[in-house]
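The next block is model-v5.txt, given as compact mmCIF, C-alpha atoms and all ligand atoms.
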```
# COMPACT_ATOMS: atom_id res chain seq x y z
CA MET A 14 26.23 1.11 22.16
CA ILE A 15 23.78 -0.24 19.62
CA SER A 16 20.21 -0.47 20.85
CA ALA A 17 18.84 -3.93 21.53
CA VAL A 18 16.25 -3.32 18.80
CA MET A 19 18.35 -2.81 15.66
CA PRO A 20 18.18 0.96 15.11
CA THR A 21 16.82 0.92 11.54
CA TYR A 22 13.96 3.34 12.33
CA THR A 23 13.65 6.87 13.67
CA ARG A 24 10.95 6.13 16.22
CA ALA A 25 8.65 8.62 17.89
CA ASP A 26 8.87 8.39 21.67
CA VAL A 27 5.35 7.14 22.20
CA MET A 28 4.06 3.64 22.93
CA PHE A 29 0.46 2.65 22.49
CA GLU A 30 -1.24 0.36 24.91
CA ARG A 31 -4.58 -0.22 23.24
CA GLY A 32 -6.74 0.87 20.37
CA GLU A 33 -10.42 1.25 19.72
CA GLY A 34 -11.79 2.08 16.27
CA VAL A 35 -9.88 5.07 14.90
CA PHE A 36 -8.30 5.91 18.28
CA LEU A 37 -5.10 4.76 19.99
CA PHE A 38 -4.29 5.24 23.67
CA ASP A 39 -0.87 5.41 25.33
CA ALA A 40 -0.09 4.11 28.83
CA ALA A 41 -0.86 7.52 30.36
CA GLY A 42 -4.32 7.37 28.77
CA HIS A 43 -3.69 10.06 26.13
CA ARG A 44 -6.00 9.61 23.16
CA TYR A 45 -4.71 9.85 19.58
CA LEU A 46 -6.77 10.09 16.41
CA ASP A 47 -5.11 7.55 14.15
CA PHE A 48 -4.77 8.95 10.61
CA HIS A 49 -1.47 7.04 10.35
CA GLY A 50 -3.35 3.76 10.29
CA GLY A 51 -0.15 1.76 10.81
CA VAL A 52 0.77 2.92 7.27
CA ALA A 53 -2.50 1.83 5.67
CA VAL A 54 -2.54 -1.48 7.54
CA SER A 55 -5.27 -0.93 10.15
CA SER A 56 -7.99 -0.99 7.50
CA LEU A 57 -10.81 -1.64 9.99
CA GLY A 58 -9.30 0.32 12.85
CA HIS A 59 -8.25 -1.16 16.17
CA ALA A 60 -9.89 -4.06 17.97
CA HIS A 61 -12.67 -4.39 15.39
CA PRO A 62 -15.07 -6.92 16.96
CA ARG A 63 -15.38 -8.99 13.76
CA LEU A 64 -11.58 -9.27 13.42
CA VAL A 65 -11.05 -10.02 17.10
CA LYS A 66 -13.65 -12.78 16.87
CA ALA A 67 -12.20 -14.24 13.65
CA LEU A 68 -8.71 -14.37 15.16
CA THR A 69 -9.67 -15.71 18.58
CA ASP A 70 -12.06 -18.31 17.15
CA GLN A 71 -9.32 -19.58 14.84
CA ALA A 72 -6.72 -19.41 17.64
CA GLY A 73 -8.70 -21.99 19.60
CA LYS A 74 -8.78 -24.40 16.65
CA VAL A 75 -5.50 -24.64 14.73
CA TRP A 76 -2.72 -22.08 14.09
CA HIS A 77 -0.45 -23.74 11.62
CA THR A 78 -0.35 -26.87 9.54
CA SER A 79 1.75 -26.29 6.39
CA ASN A 80 1.13 -25.59 2.75
CA LEU A 81 1.57 -29.31 2.17
CA PHE A 82 -2.06 -29.60 3.29
CA ARG A 83 -5.25 -27.90 2.14
CA ILE A 84 -6.11 -24.79 4.13
CA ALA A 85 -9.80 -23.86 4.21
CA GLY A 86 -9.13 -20.15 4.76
CA GLN A 87 -6.90 -19.98 1.66
CA GLU A 88 -9.60 -21.55 -0.46
CA SER A 89 -12.26 -19.09 0.73
CA LEU A 90 -9.98 -16.03 0.62
CA SER A 91 -8.70 -16.77 -2.89
CA ALA A 92 -12.30 -17.31 -4.05
CA ARG A 93 -13.27 -13.94 -2.51
CA LEU A 94 -10.34 -12.08 -4.08
CA ILE A 95 -10.96 -13.68 -7.47
CA ALA A 96 -14.69 -12.93 -7.39
CA ASN A 97 -13.88 -9.27 -6.76
CA SER A 98 -10.94 -8.73 -9.14
CA PHE A 99 -9.38 -9.49 -12.52
CA ALA A 100 -7.50 -12.47 -11.10
CA ASP A 101 -7.89 -16.22 -11.52
CA THR A 102 -5.48 -17.33 -8.82
CA ALA A 103 -3.75 -16.11 -5.64
CA PHE A 104 -0.57 -16.98 -3.72
CA PHE A 105 -0.44 -16.12 -0.01
CA CYS A 106 2.60 -14.87 1.87
CA ASN A 107 3.39 -12.68 4.87
CA SER A 108 4.32 -9.20 3.69
CA GLY A 109 4.22 -6.69 0.88
CA ALA A 110 7.79 -7.27 -0.24
CA GLU A 111 7.20 -11.01 -0.46
CA ALA A 112 3.97 -10.48 -2.38
CA TRP A 113 5.77 -8.13 -4.77
CA GLU A 114 8.61 -10.57 -5.27
CA CYS A 115 6.17 -13.38 -6.00
CA GLY A 116 4.77 -11.19 -8.78
CA LEU A 117 8.28 -10.74 -10.17
CA LYS A 118 8.78 -14.51 -10.19
CA VAL A 119 5.41 -15.04 -11.90
CA ILE A 120 6.58 -12.64 -14.64
CA ARG A 121 9.99 -14.25 -15.11
CA LYS A 122 8.45 -17.72 -15.19
CA TYR A 123 5.77 -16.66 -17.69
CA PHE A 124 8.39 -15.63 -20.24
CA HIS A 125 10.45 -18.74 -19.55
CA GLU A 126 7.35 -20.85 -20.24
CA SER A 127 6.64 -18.76 -23.35
CA ASP A 128 10.09 -19.62 -24.77
CA GLN A 129 11.19 -15.99 -24.45
CA PRO A 130 13.67 -16.21 -21.59
CA GLU A 131 15.51 -13.19 -23.01
CA ARG A 132 12.58 -11.12 -21.77
CA TYR A 133 13.30 -10.70 -18.10
CA ARG A 134 13.54 -6.95 -17.47
CA VAL A 135 10.85 -4.98 -15.64
CA ILE A 136 10.34 -1.24 -16.04
CA THR A 137 9.46 0.56 -12.80
CA CYS A 138 8.80 4.21 -11.97
CA ALA A 139 10.88 6.75 -10.08
CA GLY A 140 9.38 7.38 -6.66
CA GLY A 141 8.06 3.81 -6.57
CA PHE A 142 8.36 1.58 -3.54
CA HIS A 143 8.02 -2.19 -3.47
CA GLY A 144 9.54 -3.25 -0.15
CA ARG A 145 12.98 -3.89 1.30
CA THR A 146 14.17 -7.20 -0.12
CA MET A 147 17.15 -7.05 -2.49
CA ALA A 148 14.94 -7.44 -5.56
CA ALA A 149 12.45 -4.83 -4.33
CA VAL A 150 15.09 -2.19 -3.60
CA SER A 151 16.86 -3.00 -6.87
CA ALA A 152 13.58 -2.33 -8.66
CA ALA A 153 12.82 0.92 -6.84
CA LYS A 154 16.40 2.18 -7.26
CA GLN A 155 15.98 4.97 -4.69
CA GLU A 156 19.25 6.18 -3.21
CA LYS A 157 18.03 5.88 0.39
CA LEU A 158 16.93 2.27 -0.16
CA VAL A 159 19.99 0.95 -2.00
CA LYS A 160 22.94 2.91 -0.61
CA GLY A 161 25.52 0.48 0.78
CA PHE A 162 23.59 -2.63 -0.25
CA GLY A 163 25.10 -3.21 -3.68
CA PRO A 164 25.56 -4.99 -5.92
CA LEU A 165 21.90 -4.71 -6.85
CA LEU A 166 19.95 -7.29 -8.77
CA ASP A 167 20.00 -6.85 -12.51
CA GLY A 168 16.79 -6.68 -14.50
CA PHE A 169 15.18 -3.34 -13.72
CA ASP A 170 14.88 -0.18 -15.77
CA GLN A 171 13.28 3.00 -14.56
CA VAL A 172 11.36 5.93 -16.03
CA SER A 173 9.52 8.85 -14.48
CA PHE A 174 6.02 8.22 -13.13
CA GLY A 175 3.14 9.34 -15.32
CA ASN A 176 5.04 9.73 -18.59
CA LEU A 177 3.84 7.36 -21.34
CA ASN A 178 6.38 8.54 -23.93
CA GLU A 179 9.29 7.77 -21.62
CA MET A 180 7.79 4.39 -20.82
CA ARG A 181 7.41 3.49 -24.50
CA ALA A 182 10.98 4.61 -25.24
CA ALA A 183 12.30 2.35 -22.44
CA ILE A 184 10.77 -0.86 -23.86
CA THR A 185 13.35 -3.18 -25.46
CA ALA A 186 13.42 -6.78 -26.73
CA GLU A 187 14.38 -7.77 -23.15
CA THR A 188 11.39 -6.11 -21.47
CA ALA A 189 8.99 -8.50 -19.74
CA ALA A 190 6.72 -6.23 -17.75
CA ILE A 191 5.81 -2.80 -16.48
CA CYS A 192 5.33 -2.44 -12.73
CA VAL A 193 3.66 0.62 -11.17
CA GLU A 194 1.68 1.61 -8.12
CA PRO A 195 -1.66 3.11 -9.26
CA VAL A 196 -1.16 5.54 -6.38
CA GLN A 197 2.42 5.95 -5.18
CA GLY A 198 2.31 5.88 -1.38
CA GLU A 199 5.87 6.19 -0.05
CA GLY A 200 6.64 8.34 -3.09
CA GLY A 201 4.36 11.10 -1.77
CA ILE A 202 0.74 10.17 -2.64
CA ARG A 203 1.08 10.60 -6.37
CA THR A 204 -2.07 9.36 -8.14
CA ALA A 205 -1.75 7.94 -11.65
CA THR A 206 -4.39 9.29 -14.02
CA ALA A 207 -6.83 6.84 -15.58
CA ASP A 208 -5.36 7.80 -18.98
CA TYR A 209 -1.87 6.85 -17.84
CA LEU A 210 -2.98 3.43 -16.61
CA ARG A 211 -4.99 2.84 -19.79
CA GLY A 212 -1.94 3.85 -21.82
CA LEU A 213 0.20 1.34 -19.93
CA ARG A 214 -2.34 -1.40 -20.61
CA ALA A 215 -2.37 -0.59 -24.33
CA MET A 216 1.44 -0.55 -24.42
CA CYS A 217 1.66 -3.94 -22.69
CA ASP A 218 -0.82 -5.39 -25.18
CA GLU A 219 1.05 -3.90 -28.13
CA PHE A 220 4.45 -5.27 -27.05
CA GLY A 221 3.29 -8.51 -25.40
CA LEU A 222 4.31 -7.41 -21.89
CA LEU A 223 2.68 -8.19 -18.57
CA LEU A 224 1.18 -5.31 -16.58
CA TYR A 225 1.99 -5.57 -12.88
CA PHE A 226 0.27 -3.31 -10.32
CA ASP A 227 1.63 -2.95 -6.81
CA GLU A 228 -1.50 -2.32 -4.73
CA VAL A 229 0.11 -3.17 -1.40
CA GLN A 230 -0.85 0.29 -0.12
CA SER A 231 -3.68 1.34 -2.49
CA GLY A 232 -5.63 -1.94 -2.38
CA ILE A 233 -8.39 -3.25 -0.08
CA GLY A 234 -10.70 -0.26 -0.27
CA ARG A 235 -8.13 2.46 0.44
CA THR A 236 -9.14 4.60 -2.55
CA GLY A 237 -12.89 3.98 -2.29
CA LYS A 238 -12.80 1.02 -4.69
CA LEU A 239 -11.65 -2.42 -3.56
CA PHE A 240 -8.61 -1.95 -5.84
CA ALA A 241 -7.31 1.38 -7.14
CA TYR A 242 -7.00 0.03 -10.70
CA GLU A 243 -10.82 -0.09 -10.87
CA TRP A 244 -10.85 3.70 -11.28
CA SER A 245 -9.13 3.28 -14.66
CA GLY A 246 -11.45 0.71 -16.23
CA ILE A 247 -8.50 -1.53 -17.20
CA THR A 248 -7.03 -4.55 -15.40
CA PRO A 249 -3.46 -5.73 -14.78
CA ASP A 250 -2.12 -9.26 -15.33
CA VAL A 251 -0.45 -9.47 -11.93
CA MET A 252 -1.07 -7.58 -8.68
CA CYS A 253 0.38 -7.70 -5.19
CA LEU A 254 -1.46 -6.91 -1.96
CA ALA A 255 -0.58 -6.79 1.73
CA LYS A 256 -0.99 -3.91 4.24
CA GLY A 257 -4.78 -3.48 4.58
CA LEU A 258 -5.52 -7.11 3.67
CA GLY A 259 -4.92 -8.39 7.21
CA GLY A 260 -6.09 -5.31 9.10
CA GLY A 261 -2.95 -5.63 11.26
CA PHE A 262 -2.30 -9.35 10.98
CA PRO A 263 0.72 -9.93 8.70
CA VAL A 264 -0.43 -11.27 5.33
CA GLY A 265 0.34 -10.65 1.68
CA ALA A 266 -1.06 -11.95 -1.57
CA CYS A 267 0.01 -12.12 -5.19
CA LEU A 268 -2.87 -12.28 -7.66
CA ALA A 269 -2.59 -13.19 -11.34
CA THR A 270 -4.58 -14.18 -14.36
CA GLU A 271 -4.49 -17.82 -15.40
CA ALA A 272 -2.38 -16.89 -18.42
CA ALA A 273 0.19 -14.91 -16.42
CA ALA A 274 0.52 -17.66 -13.79
CA ARG A 275 0.99 -20.40 -16.38
CA GLY A 276 4.43 -21.33 -15.06
CA MET A 277 3.60 -21.47 -11.37
CA GLY A 278 3.15 -25.19 -10.94
CA ALA A 279 3.89 -27.44 -7.96
CA GLY A 280 7.29 -26.68 -6.45
CA SER A 281 7.79 -23.38 -8.28
CA HIS A 282 7.29 -21.15 -5.24
CA GLY A 283 6.49 -21.48 -1.57
CA SER A 284 6.35 -20.03 1.92
CA THR A 285 6.39 -21.79 5.29
CA PHE A 286 4.08 -19.35 7.03
CA GLY A 287 2.28 -17.93 3.98
CA GLY A 288 -1.49 -18.18 4.19
CA ASN A 289 -1.57 -19.84 7.60
CA PRO A 290 -4.98 -20.38 9.22
CA LEU A 291 -4.70 -17.36 11.58
CA ALA A 292 -3.83 -14.95 8.75
CA MET A 293 -6.54 -16.39 6.53
CA ALA A 294 -9.22 -16.13 9.23
CA VAL A 295 -8.49 -12.42 9.71
CA ALA A 296 -8.10 -11.58 6.00
CA ASN A 297 -11.38 -13.34 5.20
CA ALA A 298 -13.10 -11.23 7.87
CA VAL A 299 -11.54 -8.03 6.47
CA LEU A 300 -12.75 -8.87 2.95
CA GLU A 301 -16.18 -9.82 4.27
CA VAL A 302 -16.59 -6.40 5.92
CA VAL A 303 -15.06 -4.33 3.10
CA THR A 304 -17.22 -5.98 0.42
CA GLU A 305 -20.48 -5.58 2.37
CA PRO A 306 -23.00 -3.45 0.45
CA GLY A 307 -22.48 0.24 1.18
CA PHE A 308 -19.06 -0.07 2.83
CA LEU A 309 -16.96 1.18 -0.09
CA ALA A 310 -19.51 3.88 -0.95
CA ARG A 311 -19.01 5.20 2.59
CA VAL A 312 -15.21 5.09 2.17
CA GLU A 313 -15.56 7.03 -1.07
CA ALA A 314 -17.82 9.66 0.52
CA THR A 315 -15.63 10.08 3.62
CA GLY A 316 -12.58 10.17 1.36
CA GLU A 317 -14.11 12.96 -0.71
CA LEU A 318 -14.88 14.90 2.45
CA LEU A 319 -11.28 14.48 3.63
CA GLY A 320 -10.02 15.57 0.20
CA ARG A 321 -12.22 18.69 0.16
CA GLU A 322 -11.26 19.62 3.71
CA LEU A 323 -7.55 19.15 3.03
CA ALA A 324 -7.81 21.28 -0.13
CA ALA A 325 -9.41 24.07 1.91
CA LEU A 326 -6.84 23.65 4.70
CA VAL A 327 -3.96 24.08 2.26
CA GLN A 328 -5.59 27.30 1.01
CA ARG A 329 -5.94 28.62 4.57
CA HIS A 330 -2.27 28.04 5.47
CA PRO A 331 -0.05 29.08 2.55
CA ALA A 332 2.95 29.48 4.88
CA VAL A 333 2.79 25.80 5.88
CA PHE A 334 1.45 23.90 2.86
CA GLU A 335 2.20 24.25 -0.81
CA GLU A 336 0.70 22.91 -4.05
CA GLU A 337 -2.69 21.22 -3.90
CA ALA A 338 -3.73 18.46 -1.54
CA ARG A 339 -3.06 15.08 -3.17
CA GLY A 340 -4.63 11.67 -3.34
CA ILE A 341 -7.86 9.79 -3.63
CA GLY A 342 -10.27 8.17 -1.18
CA LEU A 343 -8.67 7.71 2.22
CA MET A 344 -5.16 7.90 0.75
CA ARG A 345 -4.37 11.60 1.01
CA GLY A 346 -1.39 13.87 1.40
CA VAL A 347 -0.30 17.49 1.70
CA LYS A 348 3.08 18.89 0.70
CA CYS A 349 4.69 20.85 3.52
CA ILE A 350 6.94 23.90 3.61
CA PRO A 351 8.51 23.14 7.03
CA ALA A 352 10.05 19.64 7.27
CA ASN A 353 7.29 17.02 7.11
CA THR A 354 8.81 15.34 10.18
CA LYS A 355 8.32 18.55 12.15
CA VAL A 356 4.68 18.76 11.01
CA VAL A 357 4.03 15.12 11.97
CA ASP A 358 5.62 15.65 15.40
CA ALA A 359 3.53 18.79 15.98
CA LEU A 360 0.34 16.99 14.94
CA ARG A 361 1.11 14.09 17.27
CA SER A 362 1.58 16.43 20.21
CA GLN A 363 -1.93 17.68 19.44
CA GLY A 364 -3.34 14.14 19.32
CA LEU A 365 -3.35 13.43 15.56
CA LEU A 366 -1.20 10.68 14.06
CA ALA A 367 -0.06 11.06 10.44
CA VAL A 368 2.83 9.63 8.45
CA VAL A 369 5.58 11.19 6.35
CA ALA A 370 6.25 10.34 2.70
CA SER A 371 8.84 11.40 0.12
CA ASP A 372 8.65 14.85 -1.45
CA ASN A 373 8.14 16.42 2.03
CA VAL A 374 4.57 15.14 2.11
CA VAL A 375 2.48 14.27 5.16
CA ARG A 376 0.19 11.32 4.47
CA PHE A 377 -3.23 10.60 5.97
CA LEU A 378 -4.23 6.93 5.87
CA PRO A 379 -7.01 6.57 8.45
CA PRO A 380 -8.87 3.31 9.01
CA LEU A 381 -11.59 2.82 6.38
CA ILE A 382 -14.22 2.98 9.13
CA VAL A 383 -13.43 6.64 9.85
CA GLY A 384 -16.48 8.92 9.81
CA PRO A 385 -17.17 12.62 9.09
CA ALA A 386 -16.94 13.60 12.78
CA GLU A 387 -13.38 12.23 13.01
CA VAL A 388 -12.40 13.87 9.72
CA ASN A 389 -13.60 17.18 11.13
CA GLU A 390 -11.69 16.59 14.37
CA ALA A 391 -8.52 15.88 12.36
CA ILE A 392 -9.00 19.04 10.30
CA ALA A 393 -9.47 21.11 13.48
CA ILE A 394 -6.17 19.76 14.84
CA LEU A 395 -4.49 20.43 11.48
CA ASP A 396 -5.80 24.02 11.50
CA ARG A 397 -4.56 24.63 15.03
CA THR A 398 -1.18 23.06 14.36
CA ALA A 399 -0.68 24.85 11.03
CA ALA A 400 -1.49 28.22 12.64
CA ALA A 401 1.14 27.59 15.34
CA LEU A 402 3.71 26.42 12.76
CA ALA A 403 3.04 29.47 10.59
CA GLN A 404 3.80 31.72 13.55
CA GLU A 405 7.03 29.82 14.21
CA GLU A 406 8.05 30.09 10.54
CA ALA A 407 7.34 33.83 10.58
CA ALA A 408 9.50 34.26 13.71
CA LEU A 409 12.50 32.52 12.05
C1 LIG A 501 4.57 -1.07 2.12
C2 LIG A 501 4.70 -1.36 0.68
C3 LIG A 501 5.42 -2.49 0.23
C4 LIG A 501 6.21 -3.39 1.16
O1 LIG A 501 5.44 -4.00 2.13
P1 LIG A 501 6.16 -4.71 3.39
O2 LIG A 501 5.03 -5.44 4.05
O3 LIG A 501 6.75 -3.63 4.21
O4 LIG A 501 7.19 -5.62 2.85
C5 LIG A 501 5.44 -2.76 -1.13
N1 LIG A 501 4.79 -1.95 -2.00
C6 LIG A 501 4.11 -0.87 -1.60
C7 LIG A 501 3.40 -0.04 -2.61
C8 LIG A 501 4.05 -0.53 -0.26
O5 LIG A 501 3.40 0.58 0.14
```

Please go through the file and, once you have read it, give me the structure as structure tokens.
Amino acid sequence: MISAVMPTYTRADVMFERGEGVFLFDAAGHRYLDFHGGVAVSSLGHAHPRLVKALTDQAGKVWHTSNLFRIAGQESLSARLIANSFADTAFFCNSGAEAWECGLKVIRKYFHESDQPERYRVITCAGGFHGRTMAAVSAAKQEKLVKGFGPLLDGFDQVSFGNLNEMRAAITAETAAICVEPVQGEGGIRTATADYLRGLRAMCDEFGLLLYFDEVQSGIGRTGKLFAYEWSGITPDVMCLAKGLGGGFPVGACLATEAAARGMGAGSHGSTFGGNPLAMAVANAVLEVVTEPGFLARVEATGELLGRELAALVQRHPAVFEEEARGIGLMRGVKCIPANTKVVDALRSQGLLAVVASDNVVRFLPPLIVGPAEVNEAIAILDRTAAALAQEEAAL
């Protein structure tokens, strides 16, 4: 019999009752160190006092009006995002897939407005992930996302991630844009080099294409900069955000330059719930905290510590981990020799939550408020678990 909750996930048999900072607690009172971070969503950890206050204060005032009225929180959040990015304008929605799809519509509309409607195709990268809507899975083209859901939407071409020659060769008279994640998350924590991103920018300028960055996972301080593209010194024309933006409250955003958003006039796009007062209150509080002086410098320092410690860990356990530790800031990963699911299960039984990714990688996406003591605790658990797994592997 089908489960009452549609069985689209393989769920771990654990239920959390409450959270506090970087820790989660189950009903039996077991404590877990949360380096899963709700897949990069719990940017300020659990029950952050500033977020709890922002949400509860707003909850006592007004929850929902409609986008047919002005919404104060949208005006302040868009101003904050614009002041801290390349963008001139922002659209608010409820999830990463919706934010990504808004970006796609911005691109299509831009070329329509530019009298080049024949330019509608977007080049994406293998290993990319943009959400689960039909357009997003059609763009990512991964077998596990699209199998059984055809026919897919037309309009997407794909090349391998990190290869500028392949990208250039894929551009045709129908190409409108290039869409990449500066750091592929689901794809296995694969970090684009600054040279690659600069090369994409130059290519877009040369061919008159729009550059579209999906920062749903890498944005909002995750890499030690507010946006991962800042490491490259170039800027995109369009960018989507979600995950960390609401710190656990569902919210997404699509940011664009004035030029790129030229077609997005009244009636062109919409969302019933998008940017509602509750979501805006929380996202404004997240941005306020993350942009406070010193906050991102701390993320960068803690991220470097985590990176160094993971690099050393991989060296210490060659029977369990291969290649080098991957990632940047607090977006890190290690490639496993045993199944990554087995490693994640073993870590959880030792009180550390982590998340799998493609390429047999285990990802670490702790809240941005994590400190050196918790990094060291995580590494101690990883050491213990890897030693036990190595023994098991040897016994096989
Ligand atoms: C998670 C993710 C999405 C999709 O976000 P949802 O909120 O699940 O729709 C899109 N792009 C990237 C890079 C992501 O990591």

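With distances taken over all atoms listed in the file, A:Asn289 is the one residue among A:Ala338, A:Ala325, A:Leu360, A:Asn289 lying closest to Gln71 of chain A.
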
Nearest to ligand LIG 501 (chain A) by atom-to-atom distance, counting all atoms listed in the file, from A:Tyr22, A:Phe82, A:Phe226, A:Tyr123: A:Phe226

What lies within 10 Å of Ala205 of chain A using only C-alpha atoms, ignoring chain neighbours under 4 positions off, as a ChimeraX atom specification? /A:174-176,193-197,209-210,241-242,245,340

Please, what distance in Å, to one decimal, runs between atom CA of Lys122 of chain A and atom CA of Ala152 of chain A? 17.5 Å

Within 10 Å of Leu319 of chain A, counting only C-alpha atoms, which residues qualify if same-chain residues fewer than 2 places away don't, as a VMD selection string? chain A and resid 313 to 317 321 to 325 338 341 to 345 377 384 to 385 387 to 389 391 to 392

Which residues are near ligand LIG 501 (chain A) in this structure, taking near to mean any atom at most 7 Å from a ligand atom and counting all atoms listed in the file? Format them as a list in words. Ser108, Gly109, Ala110, Glu111, Trp113, Phe142, His143, Gly144, Arg145, Glu194, Gln197, Gly198, Glu199, Asp227, Glu228, Val229, Gln230, Ala255 and Lys256 of chain A

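Atom pair atom CA of His77 of chain A / atom CA of Leu90 of chain A has a distance of 16.5 Å (rounded to one decimal).
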
If you count all atoms listed in the file, which residues fall within 7 Å of Leu57 of chain A, apart from same-chain ones fewer than 3 positions away, as a list in words? His61, Gly260, Pro380, Leu381 and Ile382 of chain A

Skipping near chain neighbours, those fewer than 5 positions away, what residues fall within 10 Å of Asp167 of chain A using all atoms listed in the file, listed as a list in words? Tyr133, Arg134, Val135, Ala148, Ser151 and Ala152 of chain A

Give as a PyMOL selection string the set of residues within 9 Å of the point (2.4, 8.6, 13.5), where distances use the file's coordinates and all atoms listed in the file. chain A and resi 25+47-52+357-358+360-361+365-369

Selection: 9 Å around Leu300 of chain A, only C-alpha atoms, excl. self and same-chain fewer than 4 positions, as number ranges by chain: A: 90, 93-94, 233, 258-259, 295-296, 304-305

Within-9 Å shell of (-4.3, -2.9, -15.8) in input frame, all atoms listed in the file, as a count of residues only: 17

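For the atom pair formed by atom CA of Arg31 of chain A and atom CA of Pro263 of chain A, the distance is 18.3 Å, given to one decimal.
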
For Ile202 of chain A, which residue out of A:Leu378, A:Val65, A:Val302, A:Ala149 is the nearest one, using only C-alpha atoms? A:Leu378

Could you check which of A:Asp372, A:Gly265, A:Ala279, A:Ser98 is closest to Ala352 of chain A, using all atoms listed in the file? A:Asp372

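Candidate residues A:Gln404, A:Thr78, A:Thr188, A:Ser371 were compared for distance to Lys157 of chain A, and the nearest is A:Ser371, using only C-alpha atoms.
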
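Among the candidates A:Gly234, A:Ala294, A:Phe286, A:Ala274, the residue lying nearest to Lys66 of chain A is A:Ala294 (atoms considered: all atoms listed in the file).
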
Centre and edges of the segment 206-217 of chain A box, axis-aligned, 3 Å extra per side, as lines of an AutoDock Vina configuration file:
```
center_x = -2.6
center_y = 2.7
center_z = -19.2
size_x = 14.5
size_y = 19.2
size_z = 16.4
```
